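Peer 1: Mind looking over this structure? Questions follow.
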Amino acid sequence: MPYQPGSTSRSAPWLLTTGPRALVLFGGMLWTFDLLGMAWSRPSVALAAILCVLVLKLPSRIRPQVPAADPVTDAPIRKSFILLGRLEFLICLGLGSIFAMATVLGWNVMSDYVFHWGLKAKHFALVGGLDHEFLAQPWNAHSHPDYPNLVPTLYAASYLLIGDDSWWTVAWLPVLSFALLLLACRELAARVLPRGPERLLAVTVVGSACLSFAVGPMVAGGADLLIAFAVTAGVALPAQPPSSGRDRQTAWIAALAAASKIEGIVFAACLLALHAVSSAHERDPRGPGGWIRRNLEIAVRSGWPTAVVIAFWLGPVLHHGLFLESNTGGLDPTRFGAVIHGLAVALLDPRWHGLPLIFPILPFLLLRSKLRRPTVLVVLQACFYFYAYLSGPVNTELWIQTSASRLFFHLLPATTLLAVAAAVELVPNRNPDEPAKASPAPTSAGADGATFAD
């Protein structure tokens, strides 16, 4: 079955850009206020929110456009698959509603919110800004003082704006993160799977698995939902044709990943590097000078938000010596056996119902040319996690036991959808009347008419 690049809807590319952009811009404005000596308070948080809205209201280069309808190719597709698309949307809406209810009621709040993310956020709200000297104190080692501070910043802003430090005041962030994750799953499925029941089944299974894990082991209150979204949305990007829209999505998804956790910084670097390499091969060079100038523009446009985020994070971390020993250890090959054993046990974690057993298929997905670039991102991120386990000077078995399932959460949605796409490619076309051969060549247009305007 041929690969049909597309988008879930005309608004999907806009939402996948605006969500990360809004979160990063809002956090960045508060960091800027703190750098300028302006204390965080209800008025300053409200000012940051207003400025963020004004920036988001600026004319965007990503806008939905409706191409001329092709009565030969469009009509059969729309009549055959519009019901499945609506059913897919309703299923995702139902999954998101269940998660929202569990989150607002506090059923799935992770312990790290109490001892890590929420603790830092409440202190930041009390002192009116970031407090790296406080984070540098020995008793704060358990709260990961070297992590990027976007999540605590957003929580602190909510506390100050609403005037309450209860959980319900910050429940909006995990709810929004899970909604973005479901949207990213739909977008990735649309990019690598043909229209039909296979796509509906894949999105339903992946979305249900994400809901089961997000509610069962309790991940609300941390940054894992944001990383899972960034990885899934980022993996969907190489499957898109080159455009300024893809540049912009890459920029803000990478920036959100980098602002969330240290592993997000690694993913942002991998995403930006792959984007630069693929853009260099896909775009018309127009001569040596044009090739260099064009790709330099792409690199600057895609990489500057991440560079700013890393500067806000790395400067204070280095100045105050916040890096923990567990994040700065050297590679220790003697841990290899313990890491392999620990990961083998983690693959059978009952909370994932056997779904992580799909990870060993990743090397074989690299052999599928149409899935190679998206798979490379997942493989690189998985390699980083493996390296971290080999280098962390801590109890390896205990570390894997307490963290592997959450790291699987970052990678499983994208891995499962890519594996389904590979399986579908191996199945002969069951519907010879499907107008696949009549579909237009890959352009910047989405499946339902979304295009990226340069």
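Within each chain, counting starts at residue 1; across the structure tokens, chains are named A, B, ... in the order shown, with ligands numbered 1 upward in that order.
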Contacts of A:Pro197 at 10 Å or less, counting only C-alpha atoms, minus same-chain residues fewer than 2 places along, as a ChimeraX atom specification?
Peer 2: /A:81,84-85,88,194-195,199-203
Peer 1: Given the choices A:Val394, A:Phe178, A:Gly27, A:Phe364, which gets closest to A:Phe213 if the distance is worked out from only C-alpha atoms?
Peer 2: A:Phe178
Peer 1: From a backbone DSSP assignment, name each residue in stretch 116-319 of chain A labelled helix (DSSP H, G or I), as a VMD selection string.
Peer 2: chain A and resid 116 to 127 132 to 135 138 to 143 150 to 162 167 to 169 172 to 192 197 to 215 224 to 239 244 to 260 262 to 282 287 to 319
Peer 1: Excluding A:Ser41 and its own-chain neighbours fewer than 4 positions away, which residues fall within 10 Å of it when counting only C-alpha atoms? Please give them as a PyMOL selection string.
Peer 2: chain A and resi 45-47+125-129+156-157+159-161+163
Peer 1: Of the candidates A:Leu25, A:Ile400, A:Ala273, A:Leu237, which shows the shortest atom-to-atom distance to A:Leu51, using only C-alpha atoms?
Peer 2: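 Going through A:Leu25, A:Ile400, A:Ala273, A:Leu237 one by one, the smallest distance to A:Leu51 is for A:Leu25.
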Peer 1: Find the distance between atom CA of A:Cys270 and atom CA of A:Leu377 and write it in Å to one decimal.
Peer 2: 6.6 Å
Peer 1: List as a list in words the protein and nucleic acid residues near A:Pro145, meaning an atom at most 7 Å away when only C-alpha atoms are counted, but skip any in the same chain fewer than 4 places from it.
Peer 2: Leu135, Ala136, Asn140, Ala141 and Leu322 of chain A
Peer 1: Hey, what's within 12 Å of A:Gly330 if we count only C-alpha atoms and toss same-chain stuff fewer than 5 positions away? As a PyMOL selection string, please?
Peer 2: chain A and resi 325+335+387-394
Peer 1: Would you mind telling me which residue in A:Thr17, A:Ala233, A:Leu176, A:Gly264 lies nearest to A:Ser97 when using only C-alpha atoms?
Peer 2: A:Leu176
